[in-house]
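Asks: One structure coming up, written as structure tokens, with questions to follow.
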Amino acid sequence: MKITPPPAALKLLALLEQAGLSAYFVGGCVRDAQLGLPPKDWDIAAAAPPERVMRACAGLRVIESGLRHGTVTVLVDGQAFEVTSFRREGNYSDRRRPDTIAFTADLFADLSRRDFTCNAMAWHPAKGLSDPFGGAADLEARTLRCVGGPALRFAEDALRILRALRFAAVLGLRLEAATAAQCFAHKGALAFVAAERKRDELLKLLCGANTAAVLLEYAEIFTAILPALTIAGQSCAALQTAPPRAHIRLALLLQTEADARASCEALRCPRRFTDAVCLLVRLQKSALAQLPPGSARGAELRRLLGRHGAAALLDWIALREAQAPPGEQPEWTALKTEIAALQADDACLSRGQLAINGKDLQALGMRGRQVGEVLERLLEQVLTGRLANDRGTLLRAAQKKK
Ligand code: ATP
Ligand code: MG
């Protein structure tokens with residue numbers, strides 16, 4: 001197995017060991033390296049309580065990022081690494097988090113509390129792989145399996161259901177039979193899980209290469225969380241074709257703007273994200289989609305560009321391309337070319353880009369609301385190509401509207 005941590009991560013591991021603490025790479029990085037994927041972060045687990053970890057890292061910048069759970073973040077050569085003390089967990093009486101945690105020096109105990117066999121491996125550059133639950137063999141067989149009995153593990157923390165589906169969607173794994181059955185059996189307990197935790201897993205899940213299959217197979221779990229989702233062959237096929245960006249993929253599963261807003265709010269999505277999803281769903285009904293190429297379409301395109309910006313429109317086109325049967329693709333390509341051309345020649349798309357402004361109209365004697373109304377009418381004429389966006393033309397036209 002080829003695991004090549006960055007030099008800064010190896011430096012940190014060596015530093016911990018010089019202080020007498022045994023330490024390992026654990027979790028996602030060990031899993032991803034075995035799949036031949038570049039790990040996102042290199043988490044370290046150490047056989048000592050956080051105070052000792054902090055003392056060992058005294059010369060470095062240390063952030064007490066999750067001290068209660070035994071996690072500190074250490075900066076080495078400008079890179080951040082999480083170091084978590086080995087721990088074992090008590091009962092989960094609230095179905096969300098353990099009643100107690102206890103630090104331990106026992107690697108096996110730490111790996112036992114982890115969710116899936118492929119996430120319960122540790123690796124050390126000299127000692128090699130510790131894999132007490134057969135995670136490597138499961139990865140080889142592309143199987144996702146709970147550590148321990150799935151009924152207990154999902155009852156402890158129902159978020160693990162979504163994590164299982166996330167790993168299946170992103171890594172292309174299949175859930176082992178008992179793990180899959182218990183995902184269904186415990187779906188009701190997802191109601192007890194914090195919205196933010198569900199959101200983080202769901203948005204990652206949507207961006208997988210195997211998302212459509214997972215959505216279809218586990219549809220009832222997803223609609224238990226978000227009842228408005230339309231999970232059907234067609235919407236899922238479009239989703240899988242769309243770029244792996246969560247707002248575009250989520251929009252493909254929603255029918256109305258009200259559904260989009262309710263779903264995003266249920267997940268406590270950030271405002272910008274919610275607005276982006278809502279806009280994409282709303283634009284589905286935009287006249288632009290129905291207009292044949294020509295001046296009316298050009299005007300509508302300019303109007304939408306001025307109102308929402310090119311980035312949002314290009315996202316919308318990506319969404320429509322994903323929905324369109326293969327024969328209709330050229331139309332969207334043409335639209336993208338039109339947008340690029342409008343951006344290149346700095347076309348006038350909004351009031352602020354008109355060659356005259358409110359002060360010019362006031363100089364002509366206009367006041368109050370009339371100023372805004374006349375600017376709006378002039379913009380409309382520029383967008384539709386009836387007026388050129390130059391100062392003289394617009395001032396003459398404004399005179400006539402007085
Ligand atoms: P990613 O690469 O997307 O970060 P990850 O496996 O590293 O995936 P994290 O959420 O960063 O996921 O968690 C790190 C590790 O902590 C996991 O690999 C797993 O061992 C353990 N873990 C995380 N969440 C849970 C949970 N809810 N229950 C049990 N173990 C968990
Ligand atoms: Mg991680």
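Chain labels A, B, ... are given in the sequence in which chains occur in the structure tokens; within each chain residues are numbered consecutively from 1, and ligands are likewise numbered from 1 in the order shown.
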In region 59-91 of chain A, what's strand (DSSP E or B) per DSSP? Answer as a list in words?
Replies: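 Taking region 59-91 of chain A and keeping strand (DSSP E or B) only, one gets Arg61, Val62, Ile63, Glu64, Ser65, Gly66, Thr71, Val72, Thr73, Val74, Leu75, Val76, Gln79, Ala80, Phe81, Glu82, Val83, Thr84, Ser85, Arg87, Arg88 and Glu89 of chain A.
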Asks: Please, which residues have at least one atom within 7 Å of an atom of ligand 1, using only C-alpha atoms and all ligand atoms, listed as a list in words?
Replies: Gly27, Gly28, Cys29, Pro39, Lys40, Asp41, Arg113, Arg114, Asp115, Phe116, Asn119, Ala120, Asp157, Leu159 and Arg160 of chain A
Asks: Could you tell me which of A:Phe108, A:Trp123, A:Phe167, A:Trp42 comes closest to Met1 (chain A) if we count only C-alpha atoms?
Replies: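 That would be A:Trp123, the residue with the smallest distance to Met1 (chain A).
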Asks: Calculate how many Å separate CA of Thr393 (chain A) from CA of Asp345 (chain A), rounding to one decimal.
Replies: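 A separation of 19.1 Å between them.
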Asks: Give the helix (DSSP H, G or I) residues of region 172-308 of chain A, as DSSP finds them on the backbone, and put them as a PyMOL selection string.
Replies: chain A and resi 177-185+187-192+195-206+211-217+219-225+233-241+246-251+257-266+271-283+287-289+295-308
Asks: What's the 9 Å shell around Gly233 (chain A), counting only C-alpha atoms, without same-chain residues fewer than 3 positions away, as a PyMOL selection string?
Replies: chain A and resi 212+216+236-238
Asks: Fewer than 4 positions away in the same chain doesn't count, so skip those; otherwise give me all residues within 10 Å of Ile339 (chain A), counting only C-alpha atoms, as a PyMOL selection string.
Replies: chain A and resi 298+301-302+305+310+313-314+334-335+343-344+347
Asks: What does the file look like for those residues with N, CA, C and O atoms, as an mmCIF file, in the first residue's frame?
Replies:
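Okay, result-v3.cif is ready:
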data_model
loop_
_atom_site.group_PDB
_atom_site.id
_atom_site.type_symbol
_atom_site.label_atom_id
_atom_site.label_comp_id
_atom_site.auth_asym_id
_atom_site.auth_seq_id
_atom_site.Cartn_x
_atom_site.Cartn_y
_atom_site.Cartn_z
ATOM 1 N N GLY A 298 -32.238 37.508 -27.040
ATOM 2 C CA GLY A 298 -31.072 38.310 -26.676
ATOM 3 C C GLY A 298 -31.418 39.283 -25.553
ATOM 4 O O GLY A 298 -30.662 39.443 -24.595
ATOM 5 N N LEU A 301 -31.933 37.472 -22.315
ATOM 6 C CA LEU A 301 -30.629 37.047 -21.809
ATOM 7 C C LEU A 301 -29.916 38.214 -21.123
ATOM 8 O O LEU A 301 -29.381 38.078 -20.019
ATOM 9 N N ARG A 302 -29.953 39.389 -21.765
ATOM 10 C CA ARG A 302 -29.299 40.558 -21.160
ATOM 11 C C ARG A 302 -29.965 40.911 -19.826
ATOM 12 O O ARG A 302 -29.306 41.237 -18.851
ATOM 13 N N LEU A 305 -28.936 38.446 -17.239
ATOM 14 C CA LEU A 305 -27.526 38.649 -16.896
ATOM 15 C C LEU A 305 -27.368 39.843 -15.961
ATOM 16 O O LEU A 305 -26.620 39.795 -14.987
ATOM 17 N N ALA A 310 -23.447 36.540 -14.538
ATOM 18 C CA ALA A 310 -23.119 35.446 -15.467
ATOM 19 C C ALA A 310 -22.939 34.116 -14.736
ATOM 20 O O ALA A 310 -23.344 33.071 -15.246
ATOM 21 N N LEU A 313 -26.208 32.377 -14.231
ATOM 22 C CA LEU A 313 -26.798 31.913 -15.494
ATOM 23 C C LEU A 313 -26.064 30.706 -16.048
ATOM 24 O O LEU A 313 -26.674 29.783 -16.586
ATOM 25 N N LEU A 314 -24.735 30.716 -15.892
ATOM 26 C CA LEU A 314 -23.971 29.557 -16.384
ATOM 27 C C LEU A 314 -24.303 28.310 -15.557
ATOM 28 O O LEU A 314 -24.380 27.203 -16.097
ATOM 29 N N ALA A 334 -24.847 27.350 -27.746
ATOM 30 C CA ALA A 334 -25.031 28.658 -28.380
ATOM 31 C C ALA A 334 -25.279 29.740 -27.326
ATOM 32 O O ALA A 334 -24.732 30.848 -27.408
ATOM 33 N N LEU A 335 -26.069 29.405 -26.321
ATOM 34 C CA LEU A 335 -26.380 30.376 -25.268
ATOM 35 C C LEU A 335 -25.113 30.759 -24.492
ATOM 36 O O LEU A 335 -24.896 31.931 -24.166
ATOM 37 N N GLN A 343 -20.297 39.414 -22.315
ATOM 38 C CA GLN A 343 -19.313 39.796 -21.293
ATOM 39 C C GLN A 343 -18.095 40.438 -21.941
ATOM 40 O O GLN A 343 -17.563 41.403 -21.433
ATOM 41 N N ALA A 344 -17.699 39.864 -23.097
ATOM 42 C CA ALA A 344 -16.493 40.369 -23.757
ATOM 43 C C ALA A 344 -16.685 41.803 -24.223
ATOM 44 O O ALA A 344 -15.787 42.622 -24.092
ATOM 45 N N ALA A 347 -21.315 44.575 -22.567
ATOM 46 C CA ALA A 347 -22.659 45.022 -22.911
ATOM 47 C C ALA A 347 -23.351 45.661 -21.700
ATOM 48 O O ALA A 347 -23.046 45.328 -20.556
#
Asks: Might you pull out every residue within 9 Å of region 82-96 of chain A, with only C-alpha atoms counted and same-chain residues fewer than 5 positions away left off, and present them as a compact mmCIF listing (two decimals) with all heavy atoms, in the first residue's frame?
Replies:
# COMPACT_ATOMS: atom_id res chain seq x y z
N ALA A 23 1.77 7.64 17.97
CA ALA A 23 0.81 8.38 17.14
C ALA A 23 0.72 7.71 15.77
O ALA A 23 1.68 7.09 15.30
CB ALA A 23 1.26 9.82 17.00
N ASP A 41 -7.33 15.55 4.19
CA ASP A 41 -6.53 15.95 5.35
C ASP A 41 -5.91 14.72 6.00
O ASP A 41 -6.36 13.61 5.80
CB ASP A 41 -7.33 16.79 6.36
CG ASP A 41 -8.81 16.52 6.31
OD1 ASP A 41 -9.18 15.32 6.39
OD2 ASP A 41 -9.59 17.47 6.17
N TRP A 42 -4.86 15.00 6.73
CA TRP A 42 -4.07 13.91 7.33
C TRP A 42 -4.29 13.95 8.82
O TRP A 42 -3.53 14.59 9.55
CB TRP A 42 -2.60 14.08 6.95
CG TRP A 42 -2.38 13.85 5.48
CD1 TRP A 42 -2.49 14.77 4.48
CD2 TRP A 42 -2.06 12.60 4.86
NE1 TRP A 42 -2.26 14.17 3.27
CE2 TRP A 42 -1.98 12.83 3.46
CE3 TRP A 42 -1.82 11.30 5.33
CZ2 TRP A 42 -1.68 11.83 2.54
CZ3 TRP A 42 -1.51 10.31 4.41
CH2 TRP A 42 -1.45 10.57 3.03
N ASP A 43 -5.34 13.28 9.28
CA ASP A 43 -5.64 13.29 10.71
C ASP A 43 -4.73 12.32 11.45
O ASP A 43 -4.44 11.22 10.97
CB ASP A 43 -7.10 12.89 10.94
CG ASP A 43 -8.07 13.90 10.35
OD1 ASP A 43 -7.67 15.08 10.17
OD2 ASP A 43 -9.22 13.53 10.05
N ILE A 44 -4.32 12.77 12.63
CA ILE A 44 -3.43 11.96 13.46
C ILE A 44 -4.17 11.59 14.75
O ILE A 44 -4.95 12.41 15.28
CB ILE A 44 -2.14 12.76 13.77
CG1 ILE A 44 -1.33 12.94 12.48
CG2 ILE A 44 -1.29 12.08 14.85
CD1 ILE A 44 -0.10 13.82 12.62
N ALA A 45 -3.98 10.38 15.22
CA ALA A 45 -4.50 10.00 16.54
C ALA A 45 -3.30 9.70 17.43
O ALA A 45 -2.31 9.11 16.97
CB ALA A 45 -5.39 8.77 16.42
N ALA A 46 -3.38 10.13 18.69
CA ALA A 46 -2.24 9.99 19.59
C ALA A 46 -2.67 9.29 20.88
O ALA A 46 -3.78 9.50 21.37
CB ALA A 46 -1.65 11.36 19.92
N ALA A 47 -1.76 8.48 21.41
CA ALA A 47 -2.07 7.68 22.60
C ALA A 47 -1.81 8.48 23.87
O ALA A 47 -1.11 8.02 24.77
CB ALA A 47 -1.22 6.42 22.58
N ALA A 48 -2.37 9.69 23.95
CA ALA A 48 -2.16 10.51 25.14
C ALA A 48 -3.25 11.57 25.20
O ALA A 48 -3.77 11.96 24.16
CB ALA A 48 -0.80 11.18 25.07
N PRO A 49 -3.58 12.03 26.38
CA PRO A 49 -4.61 13.08 26.50
C PRO A 49 -4.14 14.38 25.86
O PRO A 49 -2.94 14.60 25.68
CB PRO A 49 -4.80 13.23 28.01
CG PRO A 49 -3.62 12.60 28.64
CD PRO A 49 -3.08 11.59 27.69
N PRO A 50 -5.10 15.26 25.52
CA PRO A 50 -4.77 16.47 24.77
C PRO A 50 -3.72 17.37 25.44
O PRO A 50 -2.91 17.99 24.75
CB PRO A 50 -6.11 17.20 24.64
CG PRO A 50 -7.11 16.41 25.38
CD PRO A 50 -6.55 15.08 25.69
N VAL A 53 -0.48 16.18 24.34
CA VAL A 53 -0.28 16.49 22.92
C VAL A 53 0.16 17.95 22.80
O VAL A 53 1.12 18.28 22.10
CB VAL A 53 -1.57 16.23 22.11
CG1 VAL A 53 -1.44 16.76 20.69
CG2 VAL A 53 -1.92 14.75 22.11
N SER A 65 -9.11 23.32 18.98
CA SER A 65 -10.29 23.34 18.12
C SER A 65 -11.43 22.49 18.65
O SER A 65 -12.59 22.82 18.46
CB SER A 65 -9.90 22.90 16.71
OG SER A 65 -9.12 21.73 16.76
N GLY A 66 -11.12 21.39 19.31
CA GLY A 66 -12.21 20.54 19.81
C GLY A 66 -11.75 19.84 21.07
O GLY A 66 -11.86 18.62 21.19
N LEU A 67 -11.27 20.65 21.98
CA LEU A 67 -10.59 20.11 23.16
C LEU A 67 -11.47 19.12 23.92
O LEU A 67 -10.98 18.10 24.42
CB LEU A 67 -10.18 21.28 24.06
CG LEU A 67 -8.99 21.03 24.97
CD1 LEU A 67 -7.82 20.46 24.20
CD2 LEU A 67 -8.58 22.32 25.68
N HIS A 69 -13.51 16.99 22.86
CA HIS A 69 -13.47 15.65 22.26
C HIS A 69 -12.04 15.17 22.11
O HIS A 69 -11.79 14.15 21.48
CB HIS A 69 -14.13 15.65 20.88
CG HIS A 69 -15.37 16.45 20.84
ND1 HIS A 69 -15.46 17.66 20.20
CD2 HIS A 69 -16.57 16.23 21.40
CE1 HIS A 69 -16.67 18.15 20.38
NE2 HIS A 69 -17.36 17.31 21.10
N GLY A 70 -11.10 15.96 22.61
CA GLY A 70 -9.71 15.53 22.54
C GLY A 70 -9.01 15.92 21.25
O GLY A 70 -7.99 15.33 20.90
N THR A 71 -9.54 16.93 20.54
CA THR A 71 -8.91 17.31 19.27
C THR A 71 -8.24 18.68 19.38
O THR A 71 -8.85 19.64 19.84
CB THR A 71 -9.96 17.37 18.14
OG1 THR A 71 -10.59 16.11 18.05
CG2 THR A 71 -9.32 17.71 16.80
N VAL A 72 -6.99 18.74 18.94
CA VAL A 72 -6.33 20.04 18.79
C VAL A 72 -5.84 20.14 17.34
O VAL A 72 -5.58 19.12 16.70
CB VAL A 72 -5.14 20.22 19.76
CG1 VAL A 72 -5.61 20.20 21.21
CG2 VAL A 72 -4.07 19.17 19.53
N THR A 73 -5.76 21.37 16.85
CA THR A 73 -5.23 21.59 15.50
C THR A 73 -3.83 22.16 15.63
O THR A 73 -3.61 23.10 16.39
CB THR A 73 -6.15 22.56 14.73
OG1 THR A 73 -7.46 21.99 14.69
CG2 THR A 73 -5.65 22.81 13.32
N VAL A 74 -2.90 21.56 14.92
CA VAL A 74 -1.50 21.98 15.02
C VAL A 74 -1.04 22.48 13.66
O VAL A 74 -1.30 21.83 12.64
CB VAL A 74 -0.60 20.80 15.48
CG1 VAL A 74 0.83 21.29 15.70
CG2 VAL A 74 -1.15 20.17 16.75
N LEU A 75 -0.38 23.64 13.65
CA LEU A 75 0.14 24.18 12.39
C LEU A 75 1.61 23.85 12.23
O LEU A 75 2.42 24.17 13.10
CB LEU A 75 -0.05 25.70 12.37
CG LEU A 75 -1.49 26.14 12.10
CD1 LEU A 75 -1.72 27.57 12.53
CD2 LEU A 75 -1.82 25.97 10.63
N ILE A 101 -16.83 10.54 27.34
CA ILE A 101 -15.71 9.98 26.57
C ILE A 101 -14.54 9.83 27.54
O ILE A 101 -14.46 10.56 28.53
CB ILE A 101 -15.30 10.85 25.36
CG1 ILE A 101 -14.78 12.22 25.80
CG2 ILE A 101 -16.43 11.01 24.37
CD1 ILE A 101 -13.98 12.91 24.71
N ALA A 102 -13.68 8.89 27.26
CA ALA A 102 -12.52 8.70 28.14
C ALA A 102 -11.31 8.53 27.26
O ALA A 102 -11.36 7.84 26.25
CB ALA A 102 -12.74 7.46 29.00
N PHE A 103 -10.23 9.22 27.61
CA PHE A 103 -9.01 9.06 26.84
C PHE A 103 -8.35 7.75 27.22
O PHE A 103 -8.50 7.27 28.35
CB PHE A 103 -8.09 10.26 27.05
CG PHE A 103 -8.74 11.54 26.58
CD1 PHE A 103 -8.95 12.60 27.44
CD2 PHE A 103 -9.21 11.63 25.27
CE1 PHE A 103 -9.60 13.75 27.00
CE2 PHE A 103 -9.86 12.78 24.84
CZ PHE A 103 -10.05 13.84 25.70
N THR A 104 -7.70 7.16 26.25
CA THR A 104 -7.12 5.83 26.47
C THR A 104 -5.81 5.75 25.70
O THR A 104 -5.56 6.58 24.81
CB THR A 104 -8.09 4.74 25.97
OG1 THR A 104 -7.43 3.49 25.90
CG2 THR A 104 -8.63 5.05 24.57
N ALA A 105 -5.00 4.76 26.04
CA ALA A 105 -3.76 4.54 25.27
C ALA A 105 -3.95 3.35 24.34
O ALA A 105 -3.00 2.89 23.72
CB ALA A 105 -2.59 4.32 26.23
N ASP A 106 -5.18 2.86 24.24
CA ASP A 106 -5.45 1.62 23.52
C ASP A 106 -5.94 1.92 22.10
O ASP A 106 -7.06 2.40 21.90
CB ASP A 106 -6.51 0.85 24.33
CG ASP A 106 -6.86 -0.48 23.68
OD1 ASP A 106 -6.30 -0.80 22.62
OD2 ASP A 106 -7.71 -1.18 24.26
N LEU A 107 -5.08 1.65 21.12
CA LEU A 107 -5.43 1.93 19.73
C LEU A 107 -6.69 1.16 19.31
O LEU A 107 -7.58 1.70 18.64
CB LEU A 107 -4.26 1.57 18.81
CG LEU A 107 -4.54 1.69 17.29
CD1 LEU A 107 -4.87 3.12 16.89
CD2 LEU A 107 -3.34 1.20 16.47
N ALA A 109 -9.21 0.23 21.07
CA ALA A 109 -10.42 0.86 21.62
C ALA A 109 -10.81 2.08 20.78
O ALA A 109 -11.98 2.30 20.47
CB ALA A 109 -10.19 1.28 23.07
N ASP A 110 -9.81 2.85 20.36
CA ASP A 110 -10.09 4.04 19.54
C ASP A 110 -10.66 3.64 18.19
O ASP A 110 -11.62 4.25 17.70
CB ASP A 110 -8.83 4.88 19.35
CG ASP A 110 -9.12 6.15 18.57
OD1 ASP A 110 -9.64 7.11 19.17
OD2 ASP A 110 -8.88 6.16 17.34
N LEU A 111 -10.09 2.61 17.57
CA LEU A 111 -10.59 2.20 16.25
C LEU A 111 -12.00 1.60 16.38
O LEU A 111 -12.83 1.76 15.48
CB LEU A 111 -9.62 1.21 15.59
CG LEU A 111 -8.24 1.80 15.25
CD1 LEU A 111 -7.32 0.72 14.67
CD2 LEU A 111 -8.34 2.98 14.27
N SER A 112 -12.29 0.97 17.52
CA SER A 112 -13.61 0.34 17.71
C SER A 112 -14.76 1.32 17.73
O SER A 112 -15.89 0.97 17.41
CB SER A 112 -13.66 -0.42 19.04
OG SER A 112 -12.60 -1.28 19.15
N ARG A 113 -14.50 2.56 18.17
CA ARG A 113 -15.59 3.54 18.25
C ARG A 113 -15.90 4.15 16.89
O ARG A 113 -16.88 4.87 16.72
CB ARG A 113 -15.22 4.65 19.24
CG ARG A 113 -14.09 5.51 18.68
CD ARG A 113 -13.98 6.87 19.30
NE ARG A 113 -12.82 7.58 18.79
CZ ARG A 113 -12.87 8.50 17.82
NH1 ARG A 113 -14.01 8.84 17.26
NH2 ARG A 113 -11.76 9.09 17.40
N PHE A 154 -26.09 2.51 14.53
CA PHE A 154 -27.01 3.54 14.03
C PHE A 154 -27.91 4.07 15.14
O PHE A 154 -28.34 5.21 15.11
CB PHE A 154 -27.83 3.02 12.85
CG PHE A 154 -27.00 2.76 11.61
CD1 PHE A 154 -27.18 1.60 10.86
CD2 PHE A 154 -26.04 3.66 11.19
CE1 PHE A 154 -26.42 1.35 9.72
CE2 PHE A 154 -25.26 3.42 10.06
CZ PHE A 154 -25.45 2.26 9.33
N ALA A 155 -28.20 3.22 16.13
CA ALA A 155 -28.99 3.70 17.27
C ALA A 155 -28.18 4.72 18.08
O ALA A 155 -28.72 5.70 18.58
CB ALA A 155 -29.42 2.53 18.16
N GLU A 156 -26.87 4.51 18.18
CA GLU A 156 -26.01 5.46 18.91
C GLU A 156 -26.04 6.83 18.24
O GLU A 156 -26.18 7.86 18.90
CB GLU A 156 -24.55 4.98 18.89
CG GLU A 156 -24.25 3.81 19.79
CD GLU A 156 -22.81 3.31 19.61
OE1 GLU A 156 -22.12 3.71 18.64
OE2 GLU A 156 -22.37 2.53 20.44
N ASP A 157 -25.87 6.83 16.92
CA ASP A 157 -25.75 8.09 16.20
C ASP A 157 -26.29 7.89 14.79
O ASP A 157 -25.63 7.26 13.95
CB ASP A 157 -24.27 8.51 16.16
CG ASP A 157 -24.04 9.79 15.36
OD1 ASP A 157 -25.03 10.43 14.95
OD2 ASP A 157 -22.86 10.15 15.14
N ALA A 158 -27.50 8.40 14.55
CA ALA A 158 -28.15 8.14 13.26
C ALA A 158 -27.46 8.89 12.11
O ALA A 158 -27.68 8.56 10.94
CB ALA A 158 -29.62 8.53 13.33
N LEU A 159 -26.63 9.87 12.42
CA LEU A 159 -25.90 10.54 11.34
C LEU A 159 -25.11 9.51 10.53
O LEU A 159 -24.87 9.68 9.34
CB LEU A 159 -24.95 11.61 11.86
CG LEU A 159 -24.21 12.36 10.74
CD1 LEU A 159 -25.17 13.32 10.04
CD2 LEU A 159 -22.98 13.10 11.23
N ALA A 189 -34.69 7.95 13.26
CA ALA A 189 -33.83 8.59 14.26
C ALA A 189 -33.04 9.76 13.67
O ALA A 189 -32.46 10.56 14.41
CB ALA A 189 -32.88 7.56 14.86
N PHE A 192 -33.47 13.22 15.07
CA PHE A 192 -32.81 13.70 16.29
C PHE A 192 -31.43 14.28 16.01
O PHE A 192 -30.74 14.71 16.92
CB PHE A 192 -32.66 12.55 17.30
CG PHE A 192 -33.97 11.94 17.70
CD1 PHE A 192 -34.34 10.69 17.21
CD2 PHE A 192 -34.86 12.62 18.52
CE1 PHE A 192 -35.55 10.12 17.55
CE2 PHE A 192 -36.07 12.07 18.86
CZ PHE A 192 -36.43 10.82 18.38
N VAL A 193 -31.02 14.23 14.75
CA VAL A 193 -29.67 14.68 14.41
C VAL A 193 -29.68 16.16 14.02
O VAL A 193 -30.59 16.60 13.31
CB VAL A 193 -29.10 13.82 13.25
CG1 VAL A 193 -27.75 14.33 12.80
CG2 VAL A 193 -29.02 12.36 13.67
N ALA A 194 -28.70 16.89 14.46
CA ALA A 194 -28.64 18.33 14.16
C ALA A 194 -28.64 18.57 12.64
O ALA A 194 -27.96 17.86 11.89
CB ALA A 194 -27.38 18.94 14.77
Asks: With a distance cut-off of 7 Å and only C-alpha atoms, select the neighbouring residues of Leu175 (chain A), excluding the residue or stretch itself and same-chain residues fewer than 3 positions from it, and output the selection as a list in words.
Replies: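 Neighbouring residues, sequence-local ones excluded: Thr143, Leu144, Arg145, Thr179 and Ala180 of chain A.
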Asks: Find the residues around Ala168 (chain A) up to 9 Å (only C-alpha atoms counted), leave out those fewer than 3 positions away in its own chain, and share them as a VMD selection string.
Replies: chain A and resid 143 to 144 163 to 165 171 to 175 205 208 210 to 211 214
Asks: Identify which of the residues A:Ala324, A:Ala355, A:Ala312, A:Val277 lies closest to Ala242 (chain A), counting only C-alpha atoms when measuring atom-to-atom distances.
Replies: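 When distances to Ala242 (chain A) are compared using only C-alpha atoms, the smallest one comes from A:Ala324.
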Asks: Counting only C-alpha atoms, which of A:Ile161, A:Cys118, A:Leu252, A:Ala8 gets nearest to Val281 (chain A)?
Replies: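 Counting only C-alpha atoms, the residue closest to Val281 (chain A) is A:Leu252.
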Asks: So how far away is CA of Ala33 (chain A) from CA of Gly135 (chain A), in Å?
Replies: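 Taking CA of Gly135 (chain A) and CA of Ala33 (chain A), their separation equals 12.6 Å.
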